[in-house]
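Peer 1: Contents of start_7.txt (compact mmCIF, C-alpha atoms) are below:
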```txt
# COMPACT_ATOMS: atom_id res chain seq x y z
CA MET A 24 -21.53 -19.47 -19.06
CA SER A 25 -20.02 -21.15 -22.13
CA GLU A 26 -23.52 -21.95 -23.41
CA TYR A 27 -24.53 -18.30 -23.01
CA LEU A 28 -21.44 -17.12 -24.93
CA SER A 29 -22.06 -19.65 -27.69
CA LEU A 30 -25.67 -18.49 -27.97
CA LEU A 31 -24.55 -14.86 -28.03
CA GLN A 32 -22.18 -15.57 -30.88
CA VAL A 33 -24.83 -17.41 -32.88
CA GLU A 34 -27.58 -14.81 -32.39
CA HIS A 35 -25.45 -11.63 -32.42
CA PRO A 36 -22.24 -12.35 -34.39
CA ILE A 37 -21.68 -8.70 -35.37
CA LEU A 38 -22.01 -7.57 -31.75
CA VAL A 39 -19.47 -10.18 -30.69
CA LEU A 40 -16.97 -9.00 -33.31
CA VAL A 41 -17.51 -5.35 -32.33
CA MET A 42 -16.85 -6.29 -28.70
CA ALA A 43 -13.74 -8.18 -29.77
CA MET A 44 -12.54 -5.12 -31.68
CA MET A 45 -13.05 -2.83 -28.69
CA PHE A 46 -11.33 -5.24 -26.32
CA GLY A 47 -8.49 -5.66 -28.81
CA LEU A 48 -7.99 -1.88 -28.95
CA ILE A 49 -7.73 -1.79 -25.15
CA VAL A 50 -5.21 -4.63 -25.14
CA GLY A 51 -3.31 -2.85 -27.92
CA SER A 52 -3.01 0.20 -25.69
CA PHE A 53 -1.43 -1.98 -23.00
CA LEU A 54 0.87 -3.60 -25.57
CA ASN A 55 2.14 -0.12 -26.42
CA VAL A 56 3.21 0.24 -22.78
CA VAL A 57 4.98 -3.12 -22.93
CA ILE A 58 6.65 -2.30 -26.25
CA VAL A 59 7.99 1.04 -25.04
CA ARG A 60 8.84 0.23 -21.43
CA LEU A 61 10.01 -3.38 -21.34
CA PRO A 62 13.26 -2.74 -23.30
CA VAL A 63 14.05 0.18 -20.97
CA MET A 64 13.32 -1.98 -17.92
CA LEU A 65 15.61 -4.71 -19.23
CA ASP A 66 18.38 -2.23 -20.02
CA ARG A 67 18.22 -0.85 -16.47
CA GLN A 68 18.19 -4.37 -15.06
CA TRP A 69 21.25 -5.39 -17.09
CA THR A 70 23.06 -2.17 -16.15
CA ALA A 71 22.37 -2.77 -12.46
CA GLN A 72 23.62 -6.34 -12.75
CA ALA A 73 26.78 -5.17 -14.52
CA HIS A 74 27.45 -2.60 -11.76
CA GLU A 75 26.92 -5.31 -9.15
CA VAL A 76 29.36 -7.69 -10.85
CA LEU A 77 31.96 -4.92 -11.25
CA GLY A 78 31.47 -3.77 -7.67
CA HIS A 79 30.26 -0.32 -8.66
CA GLU A 80 27.71 1.63 -6.65
CA THR A 81 24.20 1.74 -8.07
CA ASP A 82 21.71 4.59 -7.94
CA THR A 83 19.26 3.48 -5.26
CA ASP A 84 17.25 6.70 -5.62
CA GLN A 85 16.34 6.01 -9.23
CA GLU A 86 12.69 6.70 -10.02
CA SER A 87 10.46 3.65 -10.19
CA PHE A 88 9.99 2.52 -13.79
CA ASN A 89 7.86 -0.47 -14.73
CA LEU A 90 4.70 -1.31 -16.68
CA VAL A 91 2.57 0.51 -14.09
CA SER A 92 4.69 3.41 -12.88
CA PRO A 93 5.08 6.23 -13.80
CA ASN A 94 1.73 7.15 -15.32
CA SER A 95 1.57 7.67 -19.08
CA HIS A 96 3.03 11.02 -20.07
CA CYS A 97 4.26 12.92 -23.12
CA SER A 98 7.85 11.98 -23.93
CA ASN A 99 8.56 15.61 -24.91
CA CYS A 100 6.91 17.87 -22.32
CA LYS A 101 6.50 15.16 -19.63
CA THR A 102 2.89 16.23 -19.03
CA GLU A 103 0.80 13.40 -17.65
CA ILE A 104 -1.77 12.17 -20.15
CA LYS A 105 -5.35 12.69 -19.02
CA THR A 106 -7.82 9.81 -19.06
CA TRP A 107 -9.78 11.17 -22.01
CA GLN A 108 -6.52 11.54 -23.93
CA ASN A 109 -5.70 7.88 -23.41
CA ILE A 110 -8.68 6.22 -25.10
CA PRO A 111 -7.31 3.68 -27.58
CA LEU A 112 -7.29 5.01 -31.16
CA ALA A 113 -10.12 7.50 -30.47
CA SER A 114 -7.90 9.89 -28.51
CA TYR A 115 -5.29 9.87 -31.27
CA LEU A 116 -7.96 10.91 -33.78
CA MET A 117 -9.51 13.52 -31.47
CA LEU A 118 -6.11 15.09 -30.77
CA GLY A 119 -5.18 15.09 -34.44
CA GLY A 120 -2.16 12.90 -33.73
CA LYS A 121 -0.55 15.52 -31.47
CA CYS A 122 0.11 15.98 -27.76
CA GLY A 123 -2.73 17.93 -26.15
CA ASN A 124 -0.23 20.08 -24.25
CA CYS A 125 2.88 20.79 -26.34
CA GLY A 126 1.56 19.85 -29.79
CA ILE A 127 4.37 17.45 -30.71
CA SER A 128 3.36 14.66 -33.07
CA ILE A 129 2.43 11.37 -31.43
CA PRO A 130 4.31 8.46 -33.06
CA MET A 131 2.17 6.49 -35.51
CA LEU A 132 3.35 3.37 -33.66
CA TYR A 133 0.68 3.81 -30.99
CA PRO A 134 -2.46 3.83 -33.15
CA PHE A 135 -0.88 1.23 -35.46
CA VAL A 136 -0.40 -1.26 -32.62
CA GLU A 137 -3.86 -0.58 -31.22
CA LEU A 138 -5.60 -0.96 -34.58
CA THR A 139 -3.57 -4.05 -35.52
CA THR A 140 -4.34 -5.68 -32.18
CA GLY A 141 -8.03 -4.91 -32.59
CA ILE A 142 -8.23 -6.33 -36.12
CA LEU A 143 -6.24 -9.49 -35.31
CA THR A 144 -8.33 -10.07 -32.19
CA VAL A 145 -11.47 -9.94 -34.33
CA ILE A 146 -10.00 -12.47 -36.75
CA VAL A 147 -9.07 -14.85 -33.91
CA ILE A 148 -12.52 -14.63 -32.30
CA PHE A 149 -14.15 -15.11 -35.72
CA ALA A 150 -12.02 -18.24 -36.24
CA PHE A 151 -12.29 -19.80 -32.78
CA GLY A 152 -15.30 -18.10 -31.17
CA ILE A 153 -15.72 -16.80 -27.62
CA THR A 154 -14.19 -19.93 -26.15
CA LEU A 155 -11.18 -20.95 -24.10
CA VAL A 156 -9.48 -21.81 -27.39
CA GLY A 157 -10.26 -18.31 -28.64
CA LEU A 158 -8.80 -16.80 -25.46
CA PHE A 159 -5.55 -18.74 -25.85
CA GLY A 160 -5.48 -17.75 -29.53
CA CYS A 161 -5.74 -14.10 -28.51
CA LEU A 162 -2.93 -14.43 -25.95
CA PHE A 163 -0.72 -16.02 -28.61
CA THR A 164 -1.57 -13.22 -31.04
CA TRP A 165 -0.91 -10.43 -28.55
CA ALA A 166 2.47 -11.90 -27.60
CA LEU A 167 3.52 -12.03 -31.27
CA ILE A 168 2.50 -8.39 -31.78
CA ALA A 169 4.57 -7.24 -28.81
CA LEU A 170 7.58 -9.33 -29.82
CA SER A 171 7.42 -8.14 -33.44
CA VAL A 172 7.40 -4.44 -32.64
CA ILE A 173 10.02 -4.71 -29.88
CA ASP A 174 12.32 -6.63 -32.22
CA TYR A 175 11.76 -4.13 -35.04
CA ASN A 176 12.55 -1.20 -32.72
CA THR A 177 15.41 -2.65 -30.68
CA LYS A 178 16.52 -5.91 -32.39
CA LEU A 179 15.60 -7.62 -29.13
CA LEU A 180 13.24 -10.53 -28.50
CA PRO A 181 12.86 -10.45 -24.70
CA ASP A 182 13.02 -13.74 -22.85
CA ASP A 183 10.45 -12.18 -20.50
CA ILE A 184 7.85 -12.73 -23.25
CA THR A 185 9.32 -15.51 -25.39
CA LEU A 186 10.01 -18.10 -22.71
CA PRO A 187 6.74 -17.79 -20.73
CA PHE A 188 4.74 -18.11 -23.95
CA LEU A 189 6.85 -21.06 -25.08
CA TRP A 190 5.95 -22.82 -21.83
CA LEU A 191 2.34 -21.67 -22.10
CA GLY A 192 2.12 -23.20 -25.58
CA LEU A 193 3.44 -26.52 -24.28
CA SER A 194 1.08 -26.36 -21.30
CA VAL A 195 -1.96 -25.57 -23.46
CA ASN A 196 -1.14 -28.36 -25.87
CA PHE A 197 -0.58 -30.80 -23.02
CA PHE A 198 -4.37 -30.83 -23.10
CA GLY A 199 -4.45 -30.94 -26.91
CA VAL A 200 -6.01 -27.50 -27.36
CA PHE A 201 -4.39 -26.79 -30.74
CA VAL A 202 -2.21 -29.86 -31.42
CA ASN A 203 -1.27 -32.93 -29.41
CA PHE A 204 1.52 -32.58 -26.86
CA HIS A 205 3.86 -34.91 -28.76
CA SER A 206 3.70 -32.64 -31.80
CA ALA A 207 4.08 -29.51 -29.65
CA PHE A 208 7.13 -30.88 -27.84
CA ILE A 209 8.85 -31.90 -31.06
CA GLY A 210 7.84 -28.52 -32.57
CA ALA A 211 9.54 -26.60 -29.77
CA CYS A 212 12.72 -28.66 -30.08
CA ALA A 213 12.75 -28.61 -33.88
CA GLY A 214 11.98 -24.90 -34.00
CA TYR A 215 14.98 -24.02 -31.85
CA LEU A 216 17.44 -26.52 -33.30
CA SER A 217 16.62 -25.81 -36.95
CA LEU A 218 17.49 -22.11 -36.79
CA TRP A 219 20.38 -22.80 -34.42
CA SER A 220 21.85 -25.20 -36.99
CA ILE A 221 21.42 -22.70 -39.82
CA TYR A 222 23.04 -20.03 -37.65
CA GLN A 223 26.05 -22.26 -36.91
CA VAL A 224 26.56 -23.21 -40.57
CA PHE A 225 26.22 -19.56 -41.69
CA ARG A 226 28.70 -18.42 -39.05
CA LEU A 227 31.14 -21.19 -40.02
CA VAL A 228 31.00 -20.25 -43.71
CA THR A 229 30.85 -16.44 -43.51
CA LYS A 230 32.44 -15.77 -40.09
CA LYS A 231 29.38 -13.59 -39.40
CA GLU A 232 26.27 -13.94 -37.29
CA GLY A 233 23.14 -14.08 -39.44
CA MET A 234 20.53 -13.96 -36.66
CA GLY A 235 20.19 -13.79 -32.90
CA TYR A 236 19.35 -16.44 -30.34
CA GLY A 237 16.00 -14.74 -29.81
CA ASP A 238 14.94 -15.94 -33.26
CA PHE A 239 15.65 -19.55 -32.23
CA LYS A 240 13.47 -19.13 -29.14
CA LEU A 241 10.70 -17.48 -31.16
CA LEU A 242 10.54 -20.37 -33.63
CA ALA A 243 10.57 -22.76 -30.65
CA LEU A 244 7.60 -20.80 -29.27
CA LEU A 245 5.79 -21.17 -32.60
CA GLY A 246 6.55 -24.89 -32.63
CA ALA A 247 5.15 -25.25 -29.12
CA TRP A 248 1.85 -23.67 -30.23
CA LEU A 249 1.56 -25.01 -33.78
CA GLY A 250 3.36 -28.35 -33.59
CA TRP A 251 6.25 -29.46 -35.77
CA GLN A 252 4.27 -30.13 -38.95
CA PRO A 253 3.74 -26.48 -40.06
CA LEU A 254 7.25 -25.27 -39.18
CA LEU A 255 8.52 -25.63 -42.74
CA LEU A 256 5.59 -23.50 -43.94
CA VAL A 257 6.44 -20.91 -41.26
CA VAL A 258 10.08 -20.74 -42.38
CA ILE A 259 9.10 -20.47 -46.07
CA LEU A 260 6.50 -17.75 -45.42
CA SER A 261 8.85 -15.81 -43.14
CA SER A 262 11.60 -15.97 -45.77
CA PHE A 263 9.28 -14.60 -48.45
CA ALA A 264 7.99 -11.93 -46.06
CA GLY A 265 11.56 -11.05 -45.12
CA VAL A 266 12.64 -10.59 -48.73
CA ILE A 267 9.62 -8.43 -49.52
CA GLY A 268 9.85 -6.46 -46.26
CA ALA A 269 13.59 -5.89 -46.51
CA GLY A 270 13.26 -4.81 -50.13
CA GLY A 271 10.52 -2.37 -49.21
CA LEU A 272 12.52 -0.90 -46.34
CA ILE A 273 15.58 -0.46 -48.57
CA LEU A 274 13.44 1.28 -51.20
CA LEU A 275 12.15 3.58 -48.46
CA GLY A 276 15.73 4.57 -47.66
CA ARG A 277 16.80 2.21 -44.88
CA ASP A 278 20.58 1.88 -44.60
CA ARG A 279 21.66 -1.46 -46.09
CA ALA A 280 24.34 -1.71 -43.39
CA ASN A 281 21.65 -1.58 -40.69
CA PRO A 282 20.59 -5.20 -39.93
CA ILE A 283 16.91 -5.98 -40.43
CA PRO A 284 15.44 -8.12 -37.63
CA PHE A 285 13.96 -11.45 -38.66
CA GLY A 286 11.64 -11.79 -35.66
CA PRO A 287 8.72 -9.79 -37.09
CA TYR A 288 8.66 -11.95 -40.23
CA LEU A 289 8.74 -15.14 -38.17
CA ALA A 290 5.88 -13.81 -36.05
CA ILE A 291 3.81 -12.81 -39.09
CA ALA A 292 4.38 -16.19 -40.74
CA GLY A 293 3.58 -18.00 -37.50
CA TRP A 294 0.32 -16.12 -37.01
CA VAL A 295 -0.77 -16.59 -40.64
CA THR A 296 -0.04 -20.30 -40.30
CA PHE A 297 -1.95 -20.40 -37.01
CA ILE A 298 -5.09 -19.01 -38.66
CA TRP A 299 -4.86 -20.16 -42.29
CA GLY A 300 -2.12 -22.81 -42.31
CA ASP A 301 -4.38 -25.74 -43.25
CA SER A 302 -6.04 -23.71 -46.01
CA LEU A 303 -2.67 -22.67 -47.44
CA ILE A 304 -1.38 -26.24 -47.44
CA ASN A 305 -4.58 -27.56 -49.06
CA TRP A 306 -4.43 -24.78 -51.67
CA TYR A 307 -0.80 -25.66 -52.46
CA PHE A 308 -1.56 -29.33 -52.97
CA THR A 309 -4.60 -28.46 -55.05
CA ILE A 310 -2.42 -26.36 -57.34
CA LEU A 311 0.06 -29.25 -57.61
CA ALA A 312 -2.71 -31.68 -58.46
CA VAL A 313 -4.12 -29.40 -61.16
CA SER A 314 -0.72 -28.77 -62.72
```
Is it possible to give me this structure as structure tokens?

Peer 2:
Amino acid sequence: MSEYLSLLQVEHPILVLVMAMMFGLIVGSFLNVVIVRLPVMLDRQWTAQAHEVLGHETDTDQESFNLVSPNSHCSNCKTEIKTWQNIPLASYLMLGGKCGNCGISIPMLYPFVELTTGILTVIVIFAFGITLVGLFGCLFTWALIALSVIDYNTKLLPDDITLPFLWLGLSVNFFGVFVNFHSAFIGACAGYLSLWSIYQVFRLVTKKEGMGYGDFKLLALLGAWLGWQPLLLVVILSSFAGVIGAGGLILLGRDRANPIPFGPYLAIAGWVTFIWGDSLINWYFTILAVS
């Protein structure tokens, strides 16, 4: 099977990338479900736990709500979305970006996530091929997309995604898929402890919290996948991205008092390092040598 896939990629590289794009769009559609529903699921779970601790009665007749149920529907008119209206990206274009029933505008988030997932999936497959390494690279990429958008929308980095993918990164690198296990283990520890230390110092000096514990876990996740060596590059890139992104959001009218989540910038920096980290480091040292 692996020989057939390798041959397919060599003889029909464009076809492989088109297939990767289509599959990425489908995955992006699922990520939209995760991005929208998981925070609601967690909020309901936490509310139920709080009621249980306080001894309050809970609503046992509450409608089932998870990643599968209920079926996709318009948030405004509650009309169930037909199959042909749920084709990734294509349906958005065919419907003109509006609900087919009530005509309300469909949030740009949905096609953005689908298109982004498709493009990044193509890049990963181009870099690693149709291989087990490429599959793990796609899983890593998809997790970062979901975490980035959820954090941007809710300032939440769910443990339900972060922790399983942290362990998956360690498990994958136990077999040396991306880096050796020693590097991955140190990367996970260093990723968490570095931001935790910065957080503690910042809180001690300013009496304020500069970031959340989810950011520590996210950098630990990145360390588990990338190893400890590129973590400094990840932090530097995320800081630059954060300054540029925050400046852009403020220029677009975002309230300065409204905290800007750091998770998306960590995720972007981590993914860029995952794909082009070696090239960026080599380019940097080349510039130093020339100067």

Peer 1: So which one's closest to A:Asp182, A:Leu167, A:Leu249, A:Leu241, A:Ala312? Using only C-alpha atoms, please.

Peer 2: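 Smallest distance to A:Asp182 is found for A:Leu241.
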
Peer 1: Skipping near chain neighbours, those fewer than 6 positions away, what residues fall within 12 Å of A:Ser302 using only C-alpha atoms, listed as a PDB file with C-alpha atoms, in the coordinates of the input?

Peer 2:
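Contents of part.pdb, as written:
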```
ATOM      1  CA  PRO A 253       3.740 -26.480 -40.060  1.00  0.00           C
ATOM      2  CA  LEU A 256       5.590 -23.500 -43.940  1.00  0.00           C
ATOM      3  CA  VAL A 295      -0.770 -16.590 -40.640  1.00  0.00           C
ATOM      4  CA  THR A 296      -0.040 -20.300 -40.300  1.00  0.00           C
ATOM      5  CA  PHE A 308      -1.560 -29.330 -52.970  1.00  0.00           C
ATOM      6  CA  THR A 309      -4.600 -28.460 -55.050  1.00  0.00           C
TER       7      THR A 309
END
```

Peer 1: Around all the atoms of stretch 225-241 of chain A listed in the file, draw an axis-aligned box and extend it by 4 Å on each of the six sides; I want its centre and edge lengths in Å to one decimal, as JSON.

Peer 2:
```
{"center_x": 21.6, "center_y": -17.4, "center_z": -36.4, "size_x": 29.7, "size_y": 15.6, "size_z": 22.6}
```

Peer 1: Determine, counting all atoms listed in the file, which protein, DNA and RNA residues have an atom within 12 Å of an atom of A:Leu30; residues of the same chain fewer than 6 positions away are not included. Present the result as a list of chain:residue names.

Peer 2: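 The filter keeps A:Met24, A:Pro36, A:Val39, A:Gly152, A:Ile153, A:Thr154.
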
Peer 1: What is the atom CA of A:Arg67 to atom CA of A:Asn89 distance in Å?

Peer 2: 10.5 Å

Peer 1: Can you pull out every residue within 12 Å of A:Ile298, counting only C-alpha atoms, but drop anything in the same chain fewer than 2 positions away, and send it as a ChimeraX atom specification?

Peer 2: /A:143-151,157,160-161,163-164,201,248-249,253,257,291-296,300-304

Peer 1: What's the 12 Å shell around A:Cys97, counting all atoms listed in the file, without same-chain residues fewer than 4 positions away, as a PDB file with C-alpha atoms, in the frame of the given file?

Peer 2:
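The resulting part00.pdb:
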```pdb
ATOM      1  CA  PRO A  93       5.080   6.230 -13.800  1.00  0.00           C
ATOM      2  CA  LYS A 101       6.500  15.160 -19.630  1.00  0.00           C
ATOM      3  CA  THR A 102       2.890  16.230 -19.030  1.00  0.00           C
ATOM      4  CA  GLU A 103       0.800  13.400 -17.650  1.00  0.00           C
ATOM      5  CA  ILE A 104      -1.770  12.170 -20.150  1.00  0.00           C
ATOM      6  CA  LYS A 105      -5.350  12.690 -19.020  1.00  0.00           C
ATOM      7  CA  GLN A 108      -6.520  11.540 -23.930  1.00  0.00           C
ATOM      8  CA  ASN A 109      -5.700   7.880 -23.410  1.00  0.00           C
ATOM      9  CA  LYS A 121      -0.550  15.520 -31.470  1.00  0.00           C
ATOM     10  CA  CYS A 122       0.110  15.980 -27.760  1.00  0.00           C
ATOM     11  CA  GLY A 123      -2.730  17.930 -26.150  1.00  0.00           C
ATOM     12  CA  ASN A 124      -0.230  20.080 -24.250  1.00  0.00           C
ATOM     13  CA  CYS A 125       2.880  20.790 -26.340  1.00  0.00           C
ATOM     14  CA  GLY A 126       1.560  19.850 -29.790  1.00  0.00           C
ATOM     15  CA  ILE A 127       4.370  17.450 -30.710  1.00  0.00           C
ATOM     16  CA  SER A 128       3.360  14.660 -33.070  1.00  0.00           C
ATOM     17  CA  ILE A 129       2.430  11.370 -31.430  1.00  0.00           C
ATOM     18  CA  PRO A 130       4.310   8.460 -33.060  1.00  0.00           C
TER      19      PRO A 130
END
```

Peer 1: For each of A:Ala269, A:Leu254, A:Ala71, A:Val56, take the minimum atom-to-atom distance to A:Val91, counting all atoms listed in the file, then give the residue where this is smallest.

Peer 2: A:Val56

Peer 1: Using all atoms listed in the file, which protein or nucleic acid residues come within 10 Å of A:Ser217? Drop anything in the same chain fewer than 2 positions from it, and give the result as a PDB file with C-alpha atoms, in the frame of the given file.

Peer 2:
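Saved to result_15.pdb:
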```pdb
ATOM      1  CA  CYS A 212      12.720 -28.660 -30.080  1.00  0.00           C
ATOM      2  CA  ALA A 213      12.750 -28.610 -33.880  1.00  0.00           C
ATOM      3  CA  GLY A 214      11.980 -24.900 -34.000  1.00  0.00           C
ATOM      4  CA  TYR A 215      14.980 -24.020 -31.850  1.00  0.00           C
ATOM      5  CA  TRP A 219      20.380 -22.800 -34.420  1.00  0.00           C
ATOM      6  CA  SER A 220      21.850 -25.200 -36.990  1.00  0.00           C
ATOM      7  CA  ILE A 221      21.420 -22.700 -39.820  1.00  0.00           C
ATOM      8  CA  TYR A 222      23.040 -20.030 -37.650  1.00  0.00           C
ATOM      9  CA  PHE A 239      15.650 -19.550 -32.230  1.00  0.00           C
ATOM     10  CA  LEU A 242      10.540 -20.370 -33.630  1.00  0.00           C
ATOM     11  CA  ALA A 243      10.570 -22.760 -30.650  1.00  0.00           C
ATOM     12  CA  LEU A 254       7.250 -25.270 -39.180  1.00  0.00           C
ATOM     13  CA  LEU A 255       8.520 -25.630 -42.740  1.00  0.00           C
ATOM     14  CA  VAL A 258      10.080 -20.740 -42.380  1.00  0.00           C
TER      15      VAL A 258
END
```

Peer 1: Do you have the atom CA of A:Asn281-atom CA of A:Asn55 distance handy?

Peer 2: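 Result for atom CA of A:Asn281 versus atom CA of A:Asn55: 24.2 Å, one decimal.
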
Peer 1: Any idea what the distance is between atom CA of A:Phe88 and atom CA of A:Leu158?

Peer 2: 29.4 Å

Peer 1: Given the choices A:Val136, A:Leu289, A:Leu155, A:Leu65, which gets closest to A:Leu28 if the distance is worked out from only C-alpha atoms?

Peer 2: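 Closest to A:Leu28 of all the choices is A:Leu155.
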
Peer 1: Counting all atoms listed in the file, which residue out of A:Gly233, A:Phe204, A:Ser171, A:Gly270 sits closest to A:Tyr288?

Peer 2: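 Closest to A:Tyr288 of all the choices is A:Ser171.
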
Peer 1: Taking all atoms listed in the file into account, which of A:Pro284, A:Gly271, A:Gly265, A:Gly210 comes nearest A:Tyr236?

Peer 2: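 Closest to A:Tyr236, using all atoms listed in the file: A:Pro284.
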
Peer 1: From the options A:Ala43, A:Leu31, A:Leu138, A:Met131, which residue's atoms come nearest to A:Gly119, counting only C-alpha atoms?

Peer 2: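 That would be A:Met131, the residue with the smallest distance to A:Gly119.
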
Peer 1: Using all heavy atoms, give me stretch 152-160 of chain A from the structure I just pasted, as an mmCIF file, in the first residue's frame.

Peer 2:
```
data_model
loop_
_atom_site.group_PDB
_atom_site.id
_atom_site.type_symbol
_atom_site.label_atom_id
_atom_site.label_comp_id
_atom_site.auth_asym_id
_atom_site.auth_seq_id
_atom_site.Cartn_x
_atom_site.Cartn_y
_atom_site.Cartn_z
ATOM 1 N N GLY A 152 4.593 14.051 2.190
ATOM 2 C CA GLY A 152 4.082 12.999 1.326
ATOM 3 C C GLY A 152 2.901 12.257 1.938
ATOM 4 O O GLY A 152 2.492 12.501 3.075
ATOM 5 N N ILE A 153 2.344 11.318 1.130
ATOM 6 C CA ILE A 153 1.243 10.488 1.631
ATOM 7 C C ILE A 153 1.878 9.336 2.417
ATOM 8 O O ILE A 153 2.011 8.212 1.928
ATOM 9 C CB ILE A 153 0.386 9.928 0.485
ATOM 10 C CG1 ILE A 153 0.025 11.024 -0.500
ATOM 11 C CG2 ILE A 153 -0.900 9.303 1.019
ATOM 12 C CD1 ILE A 153 -0.782 10.558 -1.672
ATOM 13 N N THR A 154 2.267 9.640 3.623
ATOM 14 C CA THR A 154 2.956 8.687 4.479
ATOM 15 C C THR A 154 2.363 8.768 5.879
ATOM 16 O O THR A 154 1.523 9.636 6.170
ATOM 17 C CB THR A 154 4.456 9.014 4.561
ATOM 18 O OG1 THR A 154 4.606 10.336 5.133
ATOM 19 C CG2 THR A 154 5.110 8.998 3.180
ATOM 20 N N LEU A 155 2.808 7.871 6.749
ATOM 21 C CA LEU A 155 2.370 7.929 8.139
ATOM 22 C C LEU A 155 2.834 9.231 8.786
ATOM 23 O O LEU A 155 2.115 9.827 9.594
ATOM 24 C CB LEU A 155 2.928 6.723 8.905
ATOM 25 C CG LEU A 155 2.349 6.465 10.295
ATOM 26 C CD1 LEU A 155 0.845 6.249 10.207
ATOM 27 C CD2 LEU A 155 3.032 5.269 10.950
ATOM 28 N N VAL A 156 4.021 9.681 8.403
ATOM 29 C CA VAL A 156 4.532 10.955 8.908
ATOM 30 C C VAL A 156 3.619 12.095 8.454
ATOM 31 O O VAL A 156 3.290 12.998 9.237
ATOM 32 C CB VAL A 156 5.977 11.196 8.428
ATOM 33 C CG1 VAL A 156 6.484 12.554 8.901
ATOM 34 C CG2 VAL A 156 6.901 10.095 8.903
ATOM 35 N N GLY A 157 3.196 12.034 7.187
ATOM 36 C CA GLY A 157 2.287 13.052 6.671
ATOM 37 C C GLY A 157 0.961 13.044 7.402
ATOM 38 O O GLY A 157 0.378 14.104 7.684
ATOM 39 N N LEU A 158 0.460 11.847 7.737
ATOM 40 C CA LEU A 158 -0.805 11.738 8.469
ATOM 41 C C LEU A 158 -0.686 12.382 9.846
ATOM 42 O O LEU A 158 -1.552 13.161 10.261
ATOM 43 C CB LEU A 158 -1.204 10.275 8.617
ATOM 44 C CG LEU A 158 -2.418 9.998 9.515
ATOM 45 C CD1 LEU A 158 -3.665 10.687 8.976
ATOM 46 C CD2 LEU A 158 -2.656 8.488 9.658
ATOM 47 N N PHE A 159 0.389 12.069 10.563
ATOM 48 C CA PHE A 159 0.585 12.668 11.883
ATOM 49 C C PHE A 159 0.757 14.184 11.766
ATOM 50 O O PHE A 159 0.284 14.940 12.615
ATOM 51 C CB PHE A 159 1.789 12.048 12.587
ATOM 52 C CG PHE A 159 1.537 10.668 13.127
ATOM 53 C CD1 PHE A 159 2.369 9.610 12.802
ATOM 54 C CD2 PHE A 159 0.462 10.430 13.965
ATOM 55 C CE1 PHE A 159 2.132 8.338 13.302
ATOM 56 C CE2 PHE A 159 0.210 9.162 14.473
ATOM 57 C CZ PHE A 159 1.055 8.117 14.139
ATOM 58 N N GLY A 160 1.442 14.626 10.705
ATOM 59 C CA GLY A 160 1.595 16.058 10.477
ATOM 60 C C GLY A 160 0.253 16.736 10.268
ATOM 61 O O GLY A 160 0.022 17.849 10.758
#
```
